[in-house]
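Peer 1: Submitted below is the structure of interest, expressed as structure tokens.
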2 protein chains.
Amino acid sequence: MNALAGLSTPAAVVDTAKMDRNIARMQQGLRELGVAFRPHVKTAKCVEVARRQQAAGAKGITVSTLKEAEQFFAAGFADILYAVGIVPNKFSQALALRQRGCDLKLITDNVEMAQALGRFGQEHGHRFEVWIEVDTDGHRSGIVPESALLLDVGRAVAESGSVLGGVMTHAGSSYDFDTPEALQEVAEQERAGCVRAAERLRAAGHKCPVVSVGSTPTALSAKSLQGVTEVRAGVYVFFDLVMANVGVCTPQDIALSVLTTVIGHQPDKGWAIVDAGWMAMSRDRGTQKQKHDYGYGQVCSLDGKVLQGYVLSGANQEHGILSRVGEPDFDIVTRFPVGTQLRILPNHACATGAQFPRYEAVDAAGVQEWPRFYGW
Amino acid sequence: MNALAGLSTPAAVVDTAKMDRNIARMQQGLRELGVAFRPHVKTAKCVEVARRQQAAGAKGITVSTLKEAEQFFAAGFADILYAVGIVPNKFSQALALRQRGCDLKLITDNVEMAQALGRFGQEHGHRFEVWIEVDTDGHRSGIVPESALLLDVGRAVAESGSVLGGVMTHAGSSYDFDTPEALQEVAEQERAGCVRAAERLRAAGHKCPVVSVGSTPTALSAKSLQGVTEVRAGVYVFFDLVMANVGVCTPQDIALSVLTTVIGHQPDKGWAIVDAGWMAMSRDRGTQKQKHDYGYGQVCSLDGKVLQGYVLSGANQEHGILSRVGEPDFDIVTRFPVGTQLRILPNHACATGAQFPRYEAVDAAGVQEWPRFYGW
């Protein structure tokens, strides 16, 4: 890892060997369950990462913004699900993508937007493909599988001239659990609810070919995915400390870290001050309410070894406070002298990655720059 | 504000009339106290914003990254303080800036870096200007004014061949208070400590011409700045909900908001789902421990009117959950129909602005795009 020593800090480092193992693990698990995998590229927003997911067997991608759709379509990805409810100020951008040959699927969970999108399509001589968002755990958007609204939206999609391509759900509540049993239960609830929604739509005369479910914890915990046609997951590609607390990875599996340098100390407090603050780590404190609170991140050595008990306990914009959990380390000045380079594992890879214009992708051969993008 | 209605969401909106008032207020206050003002441009990272600060009377700028130094120097700003402790992996970049004519000042709080920088300068036939970071409130980096270390670092700067340009401090603990009396006290402690450090260095034979202090709350609360030559502050240019809780602005003064669109509802829970999640708002929950917790932000109408009691109570990456504090609003569907555009005031303007590649700067004449940058 000495290749990292010359980099200006802070920098976002991707350990590509770990990432490749994470990609292979997910793909293998879903292959065994007999379903396709559509990775959510919002985590890395990086073409090089998505190409590795595709090479491992992924079919299509999921995006969280139309900018992602544009960037990945330009890089050769055509089968794209935009997994945030569509609204009129995005109709034109979506239409332009589809007219250029992008197989972009849109989602909604209400009659008004289904109708408005269909009308917009008719005005432009175009049929959109719409998937209906289903709510299987009450954590966010979507329609509960047994509701009358589900069939109303199905009818609104079809009658307004769009194609009803499928149903999709995301069991985001899986992040709140940390035992295999609980995660299997959420996964089964996600599967059963989404399949049920598809069955009701089919019974009402719709084709509804796709049944799409997923979150990293449920995708790695499901025992059966009967009736499901594809799974989506994003953060698994890097993993992070939140996922380690959920129990679907270990800190050693985390492929993303922030390279930082010690810039000073407060010896009486047992603090080292580093040049990775919340701008580099993000403000995400996702482990705060979990069983192990890592502050703003877990400290590792330059070569990636976890330094048990050392965390970023505080953060300002470009300053991090590094300290030992519990008893202060009054030897901090000699342990981590000024100029020492360290790596910090993030609470939430999606949030941390988003702070950087590029990744430093490191493997045995050295470091490569992988551009990533942001914004809308 | 109908000019905003056509924008794709989420978008970062700057109300330039409010921003101009914030700029004028700070500059006027410091003029009355007889000190120069060096704004911290880390908040907006936007040349158009810094030009307005300069036009109002600011002298020089403060930056939090060398990328900011490069971008602002390219835009014509030459007097720049890089206010994060310097480390060797940034020496070359700093030298290159100075050799191109940038009057870049560096800081440190330890002997090792003072010596290493001086040696590096000597190797390249260059004298760096160094300011010593002083700790007046124990919240982060710096040297306490009365310590022996202060004079050791002063000697290391001078003997290694750099120029000791001054002392600087940042009373970041001011964010933890919310009464005028407490803020005045922190401001006086910041002033007195930094002036004392300069006096000790001068008594030891150093020139130490600059005494630089500041944070938004102390800059707006100080009653006297005797002995201080310049003040620094950043977030005042936009203000935010954290600053409203601290008591140095009102929510109506906040110049930055995130434009968002309602994409769906969960009527039984009193939720509207909007397309501004934590990627747009940032993960900053700075008001969580303050007297008024605004969740992920305060909801306003499209024309900027504060909608009392409505906040972003939850956030996923590209989804926000909008709800009423206390009693759920079961009329949320008719109050904020799908497609409604709203504006959300941020907890922390520095963190929220950083998520966007540009601002939509709005005034009576319409909307202009102001680019901003990010990264290192």
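Chain labels follow the order of the structure tokens: the first chain is A, the next B, and so on; residue numbering restarts at 1 in every chain, and ligands are counted from 1 in their shown order.
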Counting only C-alpha atoms, which residues from chain B have an atom at most 6 Å from any atom of chain A, and could you show them as a list in words?
Peer 2: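 Taken together, these residues fit the definition: Ser8, Gly85, Asn89, Ile263, Arg283, Asp284, Phe356, Pro357 and Gly375 of chain B.
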Peer 1: Quick one: DSSP alpha helix (DSSP H) residues in segment 182-374 of chain B, as a VMD selection string?
Peer 2: chain B and resid 182 to 203 216 to 219 241 to 246 278 to 281 332 to 335 349 to 353
Peer 1: Dump C-alpha atoms for the selected residues as a PDB file, in the first residue's frame?
Peer 2:
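Saved result, again_11.pdb, follows:
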ATOM      1  CA  ALA B 182     -22.447  33.728  26.480  1.00  0.00           C
ATOM      2  CA  LEU B 183     -21.463  34.580  22.903  1.00  0.00           C
ATOM      3  CA  GLN B 184     -19.910  37.884  23.997  1.00  0.00           C
ATOM      4  CA  GLU B 185     -17.931  35.963  26.578  1.00  0.00           C
ATOM      5  CA  VAL B 186     -16.610  33.461  24.024  1.00  0.00           C
ATOM      6  CA  ALA B 187     -15.781  36.345  21.680  1.00  0.00           C
ATOM      7  CA  GLU B 188     -13.813  38.112  24.401  1.00  0.00           C
ATOM      8  CA  GLN B 189     -12.010  34.887  25.336  1.00  0.00           C
ATOM      9  CA  GLU B 190     -11.132  34.366  21.647  1.00  0.00           C
ATOM     10  CA  ARG B 191      -9.854  37.943  21.335  1.00  0.00           C
ATOM     11  CA  ALA B 192      -7.916  38.008  24.579  1.00  0.00           C
ATOM     12  CA  GLY B 193      -6.263  34.622  24.024  1.00  0.00           C
ATOM     13  CA  CYS B 194      -5.142  35.365  20.510  1.00  0.00           C
ATOM     14  CA  VAL B 195      -3.866  38.842  21.384  1.00  0.00           C
ATOM     15  CA  ARG B 196      -1.990  37.367  24.349  1.00  0.00           C
ATOM     16  CA  ALA B 197      -0.296  34.807  22.093  1.00  0.00           C
ATOM     17  CA  ALA B 198       0.815  37.582  19.739  1.00  0.00           C
ATOM     18  CA  GLU B 199       2.158  39.620  22.642  1.00  0.00           C
ATOM     19  CA  ARG B 200       4.206  36.704  23.941  1.00  0.00           C
ATOM     20  CA  LEU B 201       5.664  36.060  20.486  1.00  0.00           C
ATOM     21  CA  ARG B 202       6.493  39.748  20.088  1.00  0.00           C
ATOM     22  CA  ALA B 203       8.116  39.820  23.525  1.00  0.00           C
ATOM     23  CA  THR B 216     -19.736  33.601  12.701  1.00  0.00           C
ATOM     24  CA  PRO B 217     -21.222  33.754  16.226  1.00  0.00           C
ATOM     25  CA  THR B 218     -18.236  35.537  17.801  1.00  0.00           C
ATOM     26  CA  ALA B 219     -17.754  37.904  14.853  1.00  0.00           C
ATOM     27  CA  LEU B 241     -30.872  26.771  11.116  1.00  0.00           C
ATOM     28  CA  VAL B 242     -27.946  26.034  13.444  1.00  0.00           C
ATOM     29  CA  MET B 243     -27.099  29.745  13.436  1.00  0.00           C
ATOM     30  CA  ALA B 244     -30.773  30.605  14.024  1.00  0.00           C
ATOM     31  CA  ASN B 245     -30.679  28.385  17.121  1.00  0.00           C
ATOM     32  CA  VAL B 246     -27.431  30.005  18.234  1.00  0.00           C
ATOM     33  CA  TRP B 278     -29.914  13.532   2.601  1.00  0.00           C
ATOM     34  CA  MET B 279     -27.884  13.702  -0.596  1.00  0.00           C
ATOM     35  CA  ALA B 280     -29.420  17.135  -1.213  1.00  0.00           C
ATOM     36  CA  MET B 281     -29.736  18.342   2.395  1.00  0.00           C
ATOM     37  CA  ILE B 332     -51.155  16.546   3.875  1.00  0.00           C
ATOM     38  CA  VAL B 333     -52.338  15.272   0.460  1.00  0.00           C
ATOM     39  CA  THR B 334     -54.487  18.341  -0.170  1.00  0.00           C
ATOM     40  CA  ARG B 335     -52.062  20.735   1.531  1.00  0.00           C
ATOM     41  CA  ALA B 349     -25.286  25.740   4.862  1.00  0.00           C
ATOM     42  CA  CYS B 350     -21.640  24.592   4.411  1.00  0.00           C
ATOM     43  CA  ALA B 351     -22.691  20.927   4.278  1.00  0.00           C
ATOM     44  CA  THR B 352     -25.815  21.420   2.146  1.00  0.00           C
ATOM     45  CA  GLY B 353     -24.163  23.696  -0.411  1.00  0.00           C
TER      46      GLY B 353
END
Peer 1: Need to verify the contact set: His170 of chain B, 6 Å, only C-alpha atoms, exclusion of same-chain residues closer than 5 positions in sequence. Can you return it as an mmCIF file with N, CA and C atoms, in the first residue's frame?
Peer 2:
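Below you can see result-v3.cif, which holds the result:
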data_model
loop_
_atom_site.group_PDB
_atom_site.id
_atom_site.type_symbol
_atom_site.label_atom_id
_atom_site.label_comp_id
_atom_site.auth_asym_id
_atom_site.auth_seq_id
_atom_site.Cartn_x
_atom_site.Cartn_y
_atom_site.Cartn_z
ATOM 1 N N VAL B 213 -8.843 36.328 14.236
ATOM 2 C CA VAL B 213 -9.780 35.537 15.052
ATOM 3 C C VAL B 213 -11.065 35.343 14.266
ATOM 4 N N GLY B 214 -11.906 34.456 14.771
ATOM 5 C CA GLY B 214 -13.233 34.464 14.197
ATOM 6 C C GLY B 214 -13.989 33.176 14.076
ATOM 7 N N SER B 215 -15.294 33.358 14.117
ATOM 8 C CA SER B 215 -16.338 32.368 13.831
ATOM 9 C C SER B 215 -17.565 33.239 13.614
#
Peer 1: Of the residues A:Ala3, A:Thr62, A:Glu360, A:Cys102, which is the one nearest to Gly76 of chain A, using only C-alpha atoms?
Peer 2: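 Nearest candidate to Gly76 of chain A out of A:Ala3, A:Thr62, A:Glu360, A:Cys102: A:Cys102.
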Peer 1: How many Å lie between atom CA of Leu81 of chain B and atom CA of Ala12 of chain A, rounded to one decimal?
Peer 2: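 Taking atom CA of Leu81 of chain B as the start and atom CA of Ala12 of chain A as the end point, the length is 25.1 Å.
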Peer 1: Name the closest residue to Arg155 of chain A among the candidates A:Ala114, A:His126, A:Leu225, A:Asp176; distances are taken between atoms, counting only C-alpha atoms.
Peer 2: A:Ala114
Peer 1: Would you pick out the contacts of Gly166 of chain A at 6 Å or less, using only C-alpha atoms, so that residues sharing its chain but fewer than 4 positions from it are not included, and give the list as a list of chain:residue names?
Peer 2: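 The filter keeps A:Trp131, A:Cys208, A:Pro209, A:Val210, A:Val211.
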Peer 1: Write out as a list in words each polymer residue whose atoms come within 12 Å of Ala364 of chain A, counting only C-alpha atoms; drop sequence neighbours fewer than 4 positions from it.
Peer 2: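 Residues meeting the cut-off are Met1, Asn2, Ala3, Leu4, Asp15, Thr16, Ala17, Lys18, Asp303 and Gln368 of chain A.
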Peer 1: Write the selection just made, keeping C-alpha atoms, as an mmCIF file, in the first residue's frame?
Peer 2:
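Generated file (again.cif):
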data_model
loop_
_atom_site.group_PDB
_atom_site.id
_atom_site.type_symbol
_atom_site.label_atom_id
_atom_site.label_comp_id
_atom_site.auth_asym_id
_atom_site.auth_seq_id
_atom_site.Cartn_x
_atom_site.Cartn_y
_atom_site.Cartn_z
ATOM 1 C CA MET A 1 0.000 0.000 0.000
ATOM 2 C CA ASN A 2 2.998 2.320 -0.144
ATOM 3 C CA ALA A 3 1.531 3.546 -3.421
ATOM 4 C CA LEU A 4 -0.894 5.563 -1.265
ATOM 5 C CA ASP A 15 -9.444 -1.537 -2.268
ATOM 6 C CA THR A 16 -10.388 -3.243 -5.526
ATOM 7 C CA ALA A 17 -9.660 -6.775 -4.285
ATOM 8 C CA LYS A 18 -12.189 -6.315 -1.465
ATOM 9 C CA ASP A 303 -1.990 -0.579 4.883
ATOM 10 C CA GLN A 368 -5.444 4.275 -10.501
#
Peer 1: Let's see if you can do this: from backbone DSSP, list all strand (DSSP E or B) residues in segment 169-343 of chain B, as a PyMOL selection string.
Peer 2: chain B and resi 210-213+230-231+256-266+271-274+295+298-300+306-315+320-324+341-343
Peer 1: Measuring between only C-alpha atoms, which one of B:Ile254, B:Met168, B:Val306, B:Leu95 shows the shortest distance to Asp20 of chain B?
Peer 2: B:Ile254
Peer 1: Using only C-alpha atoms for the distances, tell me which of B:Gln288, B:Ser174, B:Thr229, B:Ser147 is nearest to Phe37 of chain B.
Peer 2: B:Thr229
Peer 1: Using only C-alpha atoms, which of the listed residues (A:Tyr359, A:Phe120, A:Phe330, A:Tyr310) sits closest to Leu342 of chain A?
Peer 2: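 The closest residue to Leu342 of chain A is A:Tyr310.
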Peer 1: If I take atom CA of Leu259 of chain A and atom CA of Ala44 of chain A, how far is one from the other in Å, to one decimal?
Peer 2: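 Distance reported for this atom pair: 17.0 Å.
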Peer 1: Under the rule that only C-alpha atoms are counted, which of A:Pro346, A:Gly304, A:Pro267, A:Gly165 is the nearest residue to Phe239 of chain A?
Peer 2: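 Ranking A:Pro346, A:Gly304, A:Pro267, A:Gly165 by distance to Phe239 of chain A, first place goes to A:Pro346.
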Peer 1: Give me, please, the distance in Å between atom CA of Gln115 of chain B and atom CA of Ala233 of chain B, quoted to one decimal.
Peer 2: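 Here the two named atoms are 29.2 Å from each other.
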